[in-house]
file coords21.cif (mmCIF, C-alpha atoms)
data_query
#
loop_
_atom_site.label_atom_id
_atom_site.label_comp_id
_atom_site.auth_asym_id
_atom_site.auth_seq_id
_atom_site.Cartn_x
_atom_site.Cartn_y
_atom_site.Cartn_z
CA MET A 285 91.83 104.92 161.02
CA ARG A 286 92.48 104.79 164.74
CA TYR A 287 90.26 107.57 166.02
CA ILE A 288 89.74 106.59 169.67
CA ASN A 289 92.86 105.52 171.53
CA SER A 290 91.62 105.11 175.12
CA ILE A 291 88.49 105.37 177.26
CA HIS A 292 87.73 105.75 180.98
CA ILE A 293 84.27 104.98 182.41
CA ASN A 294 82.92 105.54 185.92
CA GLY A 295 79.33 105.22 187.21
CA PHE A 296 77.88 104.09 183.88
CA ARG A 297 76.04 100.72 183.93
CA GLY A 298 78.33 98.30 185.79
CA PHE A 299 81.59 100.20 185.27
CA LYS A 300 83.56 101.75 188.11
CA ASP A 301 86.91 103.43 187.36
CA PHE A 302 87.25 101.29 184.24
CA GLU A 303 90.21 102.05 182.00
CA LEU A 304 90.99 100.74 178.52
CA SER A 305 93.89 101.97 176.40
CA ASP A 306 95.98 101.03 173.36
CA LEU A 307 92.89 100.63 171.21
CA LYS A 308 93.52 99.59 167.60
CA ASP A 309 91.94 99.51 164.15
CA ILE A 310 89.89 96.38 164.88
CA ASN A 311 88.90 95.66 168.50
CA ILE A 312 87.03 92.45 169.28
CA LEU A 313 85.20 92.39 172.63
CA VAL A 314 84.59 88.97 174.17
CA GLY A 315 83.38 87.65 177.51
CA GLU A 316 80.42 85.94 179.15
CA ASN A 317 76.95 87.49 179.23
CA ASN A 318 76.52 90.59 181.44
CA THR A 319 80.24 91.40 181.55
CA GLY A 320 79.76 94.81 179.94
CA LYS A 321 80.49 94.31 176.22
CA THR A 322 77.39 96.14 174.99
CA SER A 323 77.76 98.76 177.73
CA LEU A 324 81.29 99.50 176.50
CA LEU A 325 79.96 100.03 172.96
CA GLU A 326 77.34 102.40 174.42
CA ALA A 327 79.97 104.41 176.30
CA ILE A 328 81.97 104.84 173.10
CA HIS A 329 78.83 105.83 171.18
CA ILE A 330 77.92 108.46 173.80
CA MET A 331 81.21 110.22 172.98
CA GLU A 332 79.89 111.17 169.53
CA TYR A 333 77.86 113.99 171.16
CA PRO A 334 79.10 113.90 174.75
CA GLY A 335 77.36 117.11 175.82
CA GLU A 336 73.85 116.05 174.80
CA ILE A 337 71.60 114.19 177.25
CA GLY A 338 69.16 113.49 174.41
CA HIS A 339 71.90 111.61 172.55
CA TYR A 340 72.90 109.80 175.78
CA VAL A 341 69.34 108.53 176.29
CA ASN A 342 68.92 107.58 172.61
CA VAL A 343 72.11 105.50 172.76
CA CYS A 344 70.93 103.70 175.90
CA ARG A 345 67.48 103.15 174.38
CA GLN A 346 68.85 101.08 171.46
CA ARG A 347 69.23 97.96 173.60
CA GLU A 348 65.55 98.26 174.62
CA GLY A 349 64.32 97.69 171.05
CA LYS A 350 61.16 99.45 169.95
CA GLY A 351 59.40 99.41 173.31
CA LYS A 352 57.90 102.48 174.97
CA THR A 353 60.17 102.65 178.01
CA SER A 354 60.18 106.22 179.33
CA HIS A 355 63.19 108.53 179.00
CA TYR A 356 63.29 108.62 182.81
CA ASN A 357 63.57 104.82 183.12
CA ILE A 358 66.11 104.58 180.30
CA PHE A 359 68.29 107.12 182.07
CA GLU A 360 67.77 105.52 185.49
CA ASN A 361 68.80 102.10 184.14
CA SER A 362 72.07 103.52 182.81
CA LEU A 363 73.24 104.73 186.22
CA SER A 364 75.34 102.75 188.66
CA LYS A 365 73.18 100.80 191.12
CA ASP A 366 75.45 101.74 194.02
CA ASN A 367 72.72 102.79 196.47
CA SER A 368 75.22 104.23 198.95
CA LYS A 369 75.43 107.38 196.83
CA VAL A 370 72.54 109.86 196.84
CA LEU A 371 74.16 111.98 194.14
CA LYS A 372 74.73 109.88 191.02
CA GLU A 373 77.77 110.66 188.91
CA VAL A 374 78.64 109.36 185.44
CA GLU A 375 81.93 110.18 183.80
CA ILE A 376 83.04 108.97 180.39
CA SER A 377 86.26 110.34 178.95
CA ALA A 378 88.21 109.34 175.88
CA ASN A 379 91.28 110.27 173.90
CA ILE A 380 89.93 110.83 170.41
CA GLU A 381 92.30 111.88 167.63
CA ASN A 382 94.81 112.95 170.32
CA PHE A 383 92.33 115.26 172.03
CA LYS A 384 90.77 114.44 175.38
CA LYS A 385 86.97 114.55 175.38
CA SER A 386 84.78 113.91 178.41
CA SER A 387 81.16 113.85 179.48
CA TYR A 388 80.37 114.34 183.16
CA ILE A 389 76.86 113.97 184.56
CA LYS A 390 75.88 114.72 188.15
CA VAL A 391 72.25 114.20 189.15
CA GLU A 392 70.04 113.80 192.18
CA ASN A 393 66.83 111.75 192.19
CA ILE A 394 64.01 113.88 193.63
CA ASP A 395 60.21 113.91 194.00
CA ILE A 396 58.39 116.88 192.54
CA ILE A 397 54.79 118.07 192.55
CA LYS A 398 53.17 118.65 189.15
CA SER A 399 49.64 119.96 189.12
CA SER A 400 49.21 118.62 185.58
CA SER A 401 50.12 115.07 186.56
CA LYS A 402 47.54 112.39 187.30
CA SER A 403 49.42 111.34 190.43
CA SER A 404 50.55 114.92 191.23
CA ILE A 405 53.89 113.62 192.59
CA VAL A 406 56.42 112.29 190.07
CA LYS A 407 60.05 111.22 190.30
CA ALA A 408 62.70 113.24 188.52
CA PHE A 409 66.42 113.54 187.97
CA LYS A 410 67.85 117.01 188.31
CA GLY A 411 71.46 118.03 187.81
CA VAL A 412 74.03 119.01 185.17
CA ILE A 413 75.79 117.50 182.18
CA GLU A 414 79.23 118.90 181.51
CA TYR A 415 81.26 118.44 178.36
CA TYR A 416 84.98 119.07 178.25
CA SER A 417 87.45 119.15 175.40
CA ASN A 418 91.04 120.33 175.46
CA ARG A 419 90.30 121.73 172.00
CA ASN A 420 87.23 123.70 173.17
CA LEU A 421 86.04 125.36 176.34
CA THR A 422 84.09 123.44 178.95
CA SER A 423 80.33 123.56 178.40
CA GLU A 424 77.79 122.93 181.18
CA LYS A 425 74.04 122.48 180.78
CA LYS A 426 71.25 121.93 183.26
CA LEU A 427 69.74 118.44 183.14
CA TYR A 428 66.17 117.57 184.03
CA ILE A 429 64.22 114.36 183.30
CA ASP A 430 61.05 113.25 185.05
CA GLU A 431 58.66 110.34 184.62
CA GLU A 432 56.54 112.36 182.20
CA THR A 433 59.32 113.75 180.01
CA ASP A 434 58.30 112.85 176.45
CA SER A 435 61.09 114.46 174.42
CA LEU A 436 64.75 115.41 174.78
CA SER A 437 66.40 117.71 172.27
CA ILE A 438 69.83 117.18 170.74
CA ASN A 439 71.80 120.26 169.72
CA LYS A 440 74.61 118.64 167.75
CA ALA A 441 76.13 121.99 166.83
CA GLU A 442 76.93 122.69 170.50
CA SER A 443 78.49 119.30 171.22
CA PHE A 444 81.70 119.59 169.20
CA SER A 445 81.30 116.05 167.84
CA PRO A 446 84.85 114.66 167.71
CA VAL A 447 84.17 111.82 165.25
CA LYS A 448 81.25 110.16 163.47
CA ILE A 449 80.12 106.96 165.22
CA THR A 450 77.76 104.37 163.70
CA ARG A 451 76.29 101.49 165.74
CA VAL A 452 74.84 98.16 164.54
CA MET A 453 72.54 96.11 166.75
CA PRO A 454 72.37 92.28 166.48
CA PHE A 455 69.32 92.05 164.22
CA ASP A 456 69.76 95.23 162.20
CA HIS A 457 70.69 93.11 159.16
CA ILE A 458 66.96 92.69 158.49
CA ASP A 459 66.57 96.47 158.09
CA LYS A 460 66.68 97.28 154.37
CA GLU A 461 66.29 101.01 155.00
CA ILE A 462 70.05 101.55 155.52
CA VAL A 463 70.66 100.67 151.84
CA ASN A 464 68.16 103.37 150.87
CA ILE A 465 69.78 105.88 153.23
CA VAL A 466 73.22 105.29 151.70
CA ILE A 467 71.88 105.52 148.13
CA LYS A 468 69.89 108.69 148.89
CA ALA A 469 73.03 110.24 150.43
CA GLY A 470 74.74 109.94 147.03
CA LYS A 471 77.04 107.11 148.15
CA LYS A 472 75.74 104.40 145.80
CA GLN A 473 79.07 104.04 143.97
CA ASP A 474 80.89 103.72 147.31
CA LEU A 475 78.45 100.97 148.26
CA ILE A 476 79.04 99.14 144.97
CA GLY A 477 82.80 99.57 145.50
CA ALA A 478 82.55 97.95 148.94
CA LEU A 479 80.56 95.05 147.45
CA LYS A 480 83.18 94.58 144.71
CA ILE A 481 85.74 93.80 147.42
CA PHE A 482 83.56 90.77 148.20
CA ASP A 483 82.77 89.82 144.57
CA LYS A 484 84.38 91.63 141.63
CA GLU A 485 81.49 90.64 139.34
CA ILE A 486 78.92 92.70 141.26
CA ILE A 487 78.13 95.69 139.05
CA GLY A 488 75.19 97.27 140.79
CA ILE A 489 72.64 97.33 143.61
CA GLU A 490 69.05 98.50 143.38
CA ASN A 491 66.10 98.89 145.75
CA ILE A 492 62.97 98.03 143.75
CA LYS A 493 59.42 98.55 144.99
CA GLU A 494 57.22 95.49 144.55
CA GLY A 495 53.69 96.14 145.77
CA ASN A 496 54.01 97.61 149.27
CA GLU A 497 57.49 96.19 149.83
CA ILE A 498 60.94 97.43 148.81
CA LYS A 499 63.29 94.61 147.80
CA THR A 500 67.05 94.82 147.36
CA TYR A 501 68.43 93.46 144.08
CA ILE A 502 72.04 92.69 143.14
CA ASP A 503 73.15 93.19 139.53
CA HIS A 504 75.82 90.57 138.76
CA LYS A 505 77.80 89.97 135.56
CA THR A 506 77.08 86.24 135.63
CA THR A 507 73.59 85.91 137.09
CA GLY A 508 72.11 89.27 136.09
CA LEU A 509 69.63 91.11 138.34
CA LEU A 510 68.47 88.91 141.23
CA PRO A 511 66.83 89.67 144.61
CA ILE A 512 69.20 89.43 147.55
CA SER A 513 66.96 86.67 148.94
CA ALA A 514 68.37 84.43 146.17
CA TYR A 515 71.87 84.64 147.67
CA GLY A 516 73.47 83.00 150.70
CA ASP A 517 74.00 84.34 154.22
CA GLY A 518 77.45 85.68 153.39
CA LEU A 519 76.38 88.14 150.70
CA LYS A 520 73.23 89.15 152.63
CA LYS A 521 75.34 90.18 155.63
CA VAL A 522 77.94 91.86 153.41
CA VAL A 523 75.27 94.01 151.72
CA TYR A 524 74.17 95.28 155.12
CA LEU A 525 77.68 95.72 156.50
CA SER A 526 78.76 97.42 153.26
CA SER A 527 76.02 99.97 153.83
CA VAL A 528 77.05 100.70 157.41
CA ILE A 529 80.77 100.79 156.59
CA VAL A 530 80.10 103.33 153.84
CA GLU A 531 77.87 105.23 156.29
CA ALA A 532 80.70 105.11 158.90
CA MET A 533 83.41 106.19 156.41
CA ASP A 534 86.25 108.07 158.18
CA GLY A 535 84.72 107.21 161.56
CA ILE A 536 83.97 104.48 164.10
CA LEU A 537 81.71 101.46 163.58
CA LEU A 538 80.29 99.62 166.61
CA ILE A 539 78.90 96.12 165.90
CA ASP A 540 77.06 94.15 168.59
CA GLU A 541 77.25 90.36 168.08
CA ILE A 542 79.05 90.45 164.75
CA GLU A 543 78.35 86.77 164.05
CA THR A 544 74.55 87.23 164.02
CA ALA A 545 72.90 86.00 160.80
CA ILE A 546 76.17 84.65 159.33
CA HIS A 547 76.28 80.88 158.85
CA TYR A 548 79.54 79.51 160.25
CA SER A 549 80.56 78.41 156.74
CA ALA A 550 80.41 82.04 155.55
CA LEU A 551 82.35 83.61 158.44
CA ARG A 552 85.73 83.60 156.71
CA GLU A 553 84.58 85.18 153.46
CA VAL A 554 82.62 87.87 155.33
CA PHE A 555 85.53 88.71 157.65
CA LYS A 556 88.08 88.81 154.81
CA TRP A 557 85.85 91.33 153.11
CA MET A 558 85.31 93.32 156.33
CA ILE A 559 89.05 93.70 157.01
CA GLU A 560 89.69 95.00 153.49
CA ALA A 561 86.61 97.27 153.47
CA ALA A 562 87.38 98.81 156.87
CA ASN A 563 90.91 99.57 155.70
CA GLN A 564 89.73 101.07 152.40
CA TYR A 565 87.05 103.27 153.96
CA LYS A 566 89.16 104.22 157.01
CA VAL A 567 86.80 102.82 159.63
CA GLN A 568 87.82 101.84 163.17
CA ILE A 569 85.80 98.81 164.33
CA PHE A 570 84.65 97.70 167.79
CA ALA A 571 82.71 94.41 167.64
CA THR A 572 81.36 92.02 170.25
CA THR A 573 81.04 88.26 169.77
CA HIS A 574 80.01 85.22 171.79
CA SER A 575 81.36 82.84 169.17
CA SER A 576 84.79 81.18 169.33
CA GLU A 577 84.33 80.26 165.66
CA ALA A 578 83.84 83.91 164.74
CA LEU A 579 86.86 84.99 166.78
CA ASP A 580 89.06 82.31 165.21
CA ALA A 581 87.85 83.18 161.71
CA LEU A 582 88.64 86.86 162.20
CA LEU A 583 92.14 86.19 163.57
CA GLU A 584 92.93 83.65 160.84
CA CYS A 585 91.66 85.95 158.07
CA SER A 586 93.75 88.82 159.43
CA MET A 587 96.84 86.60 159.42
CA GLU A 588 96.22 85.33 155.88
CA LEU A 589 95.49 88.77 154.43
CA LYS A 590 97.92 90.99 156.31
CA GLY A 591 100.37 88.83 158.30
CA ASP A 592 101.96 88.94 161.78
CA LYS A 593 102.72 92.65 161.84
CA TYR A 594 99.14 93.65 161.03
CA LEU A 595 97.78 91.37 163.75
CA GLU A 596 100.18 92.85 166.28
CA ASP A 597 99.69 96.50 165.32
CA SER A 598 96.06 96.65 164.20
CA VAL A 599 93.96 94.01 166.01
CA ASN A 600 92.99 93.64 169.69
CA VAL A 601 91.10 90.90 171.50
CA ILE A 602 89.60 92.47 174.64
CA THR A 603 88.17 90.10 177.25
CA LEU A 604 85.82 91.47 179.93
CA LYS A 605 84.99 89.66 183.16
CA LYS A 606 83.18 90.61 186.36
CA GLY A 607 85.11 90.11 189.58
CA ASP A 608 83.58 89.26 192.96
CA ASP A 609 82.28 92.83 193.17
CA TYR A 610 79.80 93.54 190.35
CA TYR A 611 81.43 96.93 189.75
CA ASN A 612 84.92 95.43 189.54
CA THR A 613 85.13 94.78 185.80
CA LYS A 614 88.38 93.06 184.89
CA VAL A 615 89.87 93.45 181.43
CA ARG A 616 92.52 91.50 179.54
CA LEU A 617 93.87 92.99 176.32
CA LEU A 618 95.83 90.87 173.86
CA ASP A 619 97.14 92.13 170.56
CA GLY A 620 95.93 90.07 167.63
CA HIS A 621 99.23 88.26 167.12
CA LYS A 622 99.40 87.03 170.72
CA ALA A 623 95.74 86.01 170.58
CA TYR A 624 96.33 84.12 167.32
CA LYS A 625 99.37 82.27 168.72
CA PHE A 626 97.57 81.41 171.98
CA ARG A 627 94.73 79.89 169.96
CA GLU A 628 97.02 78.12 167.49
CA ASP A 629 99.60 76.77 169.93
CA PHE A 630 97.56 76.14 173.09
CA ASN A 631 93.90 76.26 172.00
CA MET A 632 93.53 78.89 174.73
CA GLU A 633 89.99 80.04 175.59
CA LEU A 634 90.03 83.78 174.96
CA ARG A 635 86.42 84.54 175.94
CA GLY A 636 87.08 84.27 179.68
CA TRP A 637 89.63 83.36 182.33
CA LYS A 638 89.85 82.39 185.97
CA VAL A 639 89.90 85.28 188.41
#
call {"tool": "encode", "arguments": {"input": "coords21.cif", "output": "structure tokens"}}
result
Amino acid sequence: MRYINSIHINGFRGFKDFELSDLKDINILVGENNTGKTSLLEAIHIMEYPGEIGHYVNVCRQREGKGKTSHYNIFENSLSKDNSKVLKEVEISANIENFKKSSYIKVENIDIIKSSSKSSIVKAFKGVIEYYSNRNLTSEKKLYIDEETDSLSINKAESFSPVKITRVMPFDHIDKEIVNIVIKAGKKQDLIGALKIFDKEIIGIENIKEGNEIKTYIDHKTTGLLPISAYGDGLKKVVYLSSVIVEAMDGILLIDEIETAIHYSALREVFKWMIEAANQYKVQIFATTHSSEALDALLECSMELKGDKYLEDSVNVITLKKGDDYYNTKVRLLDGHKAYKFREDFNMELRGWKV
């Protein structure tokens, strides 16, 4: 379940010639705010359909929430702010399932005249997006986005998607629709199976319409059928994560701020479940966290469940930090066993370090 082994990023957000290799089954990204944790998740997500500018913009839009920011501005905000370069270049390449995949974008920001526009002159990006795979031939497409662009198509069939990638934003746990999506896709039994890892007495899950609202119910051997609102934070988060893990089966799951909506007292039980579920459903995980409690809980659960060898071979703690130059992103990679021992023996702060 190690689909992506390495990634190189240049010109995207705050990354310049950034290299990360020896990626593992579970990769925990830590660091202070604005060090690039979410941007790294975005770069990985872009590699699902690396030849599609519509997918690129949709990925970058997720951090904007449900606002109406234009496609042009979303794209502009993703580019390096190095003003010394007129031509903007973005390159993201990755080794996925032992095949190199890359997305290369080269654009120029120009002014154009549109007779249909209210202001007549609008800003635009014009260039190419090139996708390369050593399994397939190079594909190049023209790229054009202006301030009035209202739609961007995604032709998934032409992008040679190397692996399925699912991404979870910090407050997605309040979205009940994912449970419906999984059930409608015929994966209800898989979802129940994932929940049974957490509690063997769970026998079913149902979405029941009450008035204008759909409520999720858990069918339990002891308590019977109860709404999920009757349970604690741990099970609520597990129901959501079960849905996305089943959705991400045989692929990659990206989780931003994994500790969100989990009370600290429930961290261990949730993470024990997550380790087992990811292994069972063959999911590679990349997760960000700001919480030392969450990081400790995940390392300790991995040790208790799987031992030293699993921590060494299957878990990474990846710390990101900005150097003096904003584009000089420093990275420290520790395998899970080293990270666990540093925390246990020296109480070492893993979320940052002195440059």
call {"tool": "closest_atom_pairs", "arguments": {"input": "coords21.cif", "of": "range 418-454 of chain A", "to": "range 516-533 of chain A", "cutoff": "9 Å", "atoms": "only C-alpha atoms", "output": "CSV"}}
result
residue,atom,partner,partner_atom,distance
A:Lys448,CA,A:Ala532,CA,6.8
A:Ile449,CA,A:Ala532,CA,6.6
A:Thr450,CA,A:Ala532,CA,5.7
A:Arg451,CA,A:Val528,CA,8.4
A:Val452,CA,A:Val528,CA,7.9
call {"tool": "residues_around", "arguments": {"input": "coords21.cif", "residues": "range 501-503 of chain A", "least_positions_apart": "6", "cutoff": "10 Å", "atoms": "all atoms listed in the file", "output": "VMD selection string"}}
result
chain A and resid 476 479 485 to 492 509 to 515 519 523
call {"tool": "closest_residue", "arguments": {"input": "coords21.cif", "among": "A:Thr353, A:Ser364, A:Asn289, A:Thr506", "to": "Lys390 in chain A", "atoms": "only C-alpha atoms"}}
result
A:Ser364
call {"tool": "resolve_selection", "arguments": {"input": "coords21.cif", "expression": "the PyMOL selection byres ((chain A and resi 323) around 12)", "output": "MDAnalysis selection string"}}
result
chainID A and resid 293:299 302 313 317:322 324:330 343:347 361:364 376 538 540 572 604 613
call {"tool": "atom_distance", "arguments": {"input": "coords21.cif", "atom1": "CA of Ile291 in chain A", "atom2": "CA of Ala408 in chain A"}}
result
29.2 Å
call {"tool": "decode", "arguments": {"input": "coords21.cif", "residues": "range 542-609 of chain A", "atoms": "C-alpha atoms", "output": "short mmCIF file (atom, residue, chain, number, x, y, z; two decimals), in the first residue's frame"}}
result
data_model
loop_
_atom_site.label_atom_id
_atom_site.label_comp_id
_atom_site.auth_asym_id
_atom_site.auth_seq_id
_atom_site.Cartn_x
_atom_site.Cartn_y
_atom_site.Cartn_z
CA ILE A 542 -6.18 14.82 11.35
CA GLU A 543 -6.87 15.77 14.98
CA THR A 544 -9.82 18.04 14.09
CA ALA A 545 -13.05 17.12 15.91
CA ILE A 546 -11.40 14.35 17.97
CA HIS A 547 -11.33 14.97 21.73
CA TYR A 548 -7.84 14.27 23.07
CA SER A 549 -9.24 11.40 25.16
CA ALA A 550 -10.40 9.63 21.97
CA LEU A 551 -7.19 10.05 19.95
CA ARG A 552 -5.73 6.65 20.81
CA GLU A 553 -8.82 4.61 20.00
CA VAL A 554 -9.33 6.47 16.71
CA PHE A 555 -5.69 6.05 15.65
CA LYS A 556 -5.58 2.36 16.59
CA TRP A 557 -8.57 1.86 14.35
CA MET A 558 -7.07 3.98 11.55
CA ILE A 559 -3.81 1.98 11.46
CA GLU A 560 -5.70 -1.32 11.20
CA ALA A 561 -8.23 0.00 8.66
CA ALA A 562 -5.57 1.54 6.40
CA ASN A 563 -3.71 -1.77 6.39
CA GLN A 564 -6.85 -3.80 5.67
CA TYR A 565 -8.05 -1.57 2.84
CA LYS A 566 -4.56 -0.99 1.39
CA VAL A 567 -4.56 2.79 1.77
CA GLN A 568 -1.43 4.95 1.91
CA ILE A 569 -1.97 7.91 4.26
CA PHE A 570 -0.54 11.43 4.30
CA ALA A 571 -1.84 13.47 7.25
CA THR A 572 -1.00 16.87 8.70
CA THR A 573 -1.26 17.76 12.39
CA HIS A 574 -0.50 20.71 14.66
CA SER A 575 -0.97 18.62 17.78
CA SER A 576 1.87 17.00 19.74
CA GLU A 577 -0.77 14.90 21.53
CA ALA A 578 -2.03 13.55 18.20
CA LEU A 579 1.50 12.80 17.00
CA ASP A 580 2.38 11.00 20.24
CA ALA A 581 -0.86 9.01 20.17
CA LEU A 582 -0.24 7.85 16.61
CA LEU A 583 3.36 6.79 17.32
CA GLU A 584 2.41 5.02 20.55
CA CYS A 585 -0.53 3.20 18.92
CA SER A 586 1.71 2.06 16.07
CA MET A 587 4.23 0.69 18.57
CA GLU A 588 1.58 -1.11 20.63
CA LEU A 589 -0.18 -2.64 17.62
CA LYS A 590 2.70 -3.44 15.31
CA GLY A 591 6.02 -2.98 17.15
CA ASP A 592 9.46 -1.52 16.33
CA LYS A 593 9.78 -2.98 12.85
CA TYR A 594 6.46 -1.56 11.67
CA LEU A 595 7.36 1.90 12.98
CA GLU A 596 10.69 1.78 11.20
CA ASP A 597 9.42 0.40 7.90
CA SER A 598 5.92 1.86 7.61
CA VAL A 599 5.70 5.23 9.41
CA ASN A 600 7.35 8.60 8.70
CA VAL A 601 7.31 11.87 10.62
CA ILE A 602 8.06 14.65 8.12
CA THR A 603 8.84 18.09 9.54
CA LEU A 604 8.67 21.14 7.26
CA LYS A 605 10.26 24.50 8.05
CA LYS A 606 10.87 27.68 6.09
CA GLY A 607 14.46 28.91 5.96
CA ASP A 608 15.53 32.56 5.72
CA ASP A 609 14.39 32.55 2.09
#
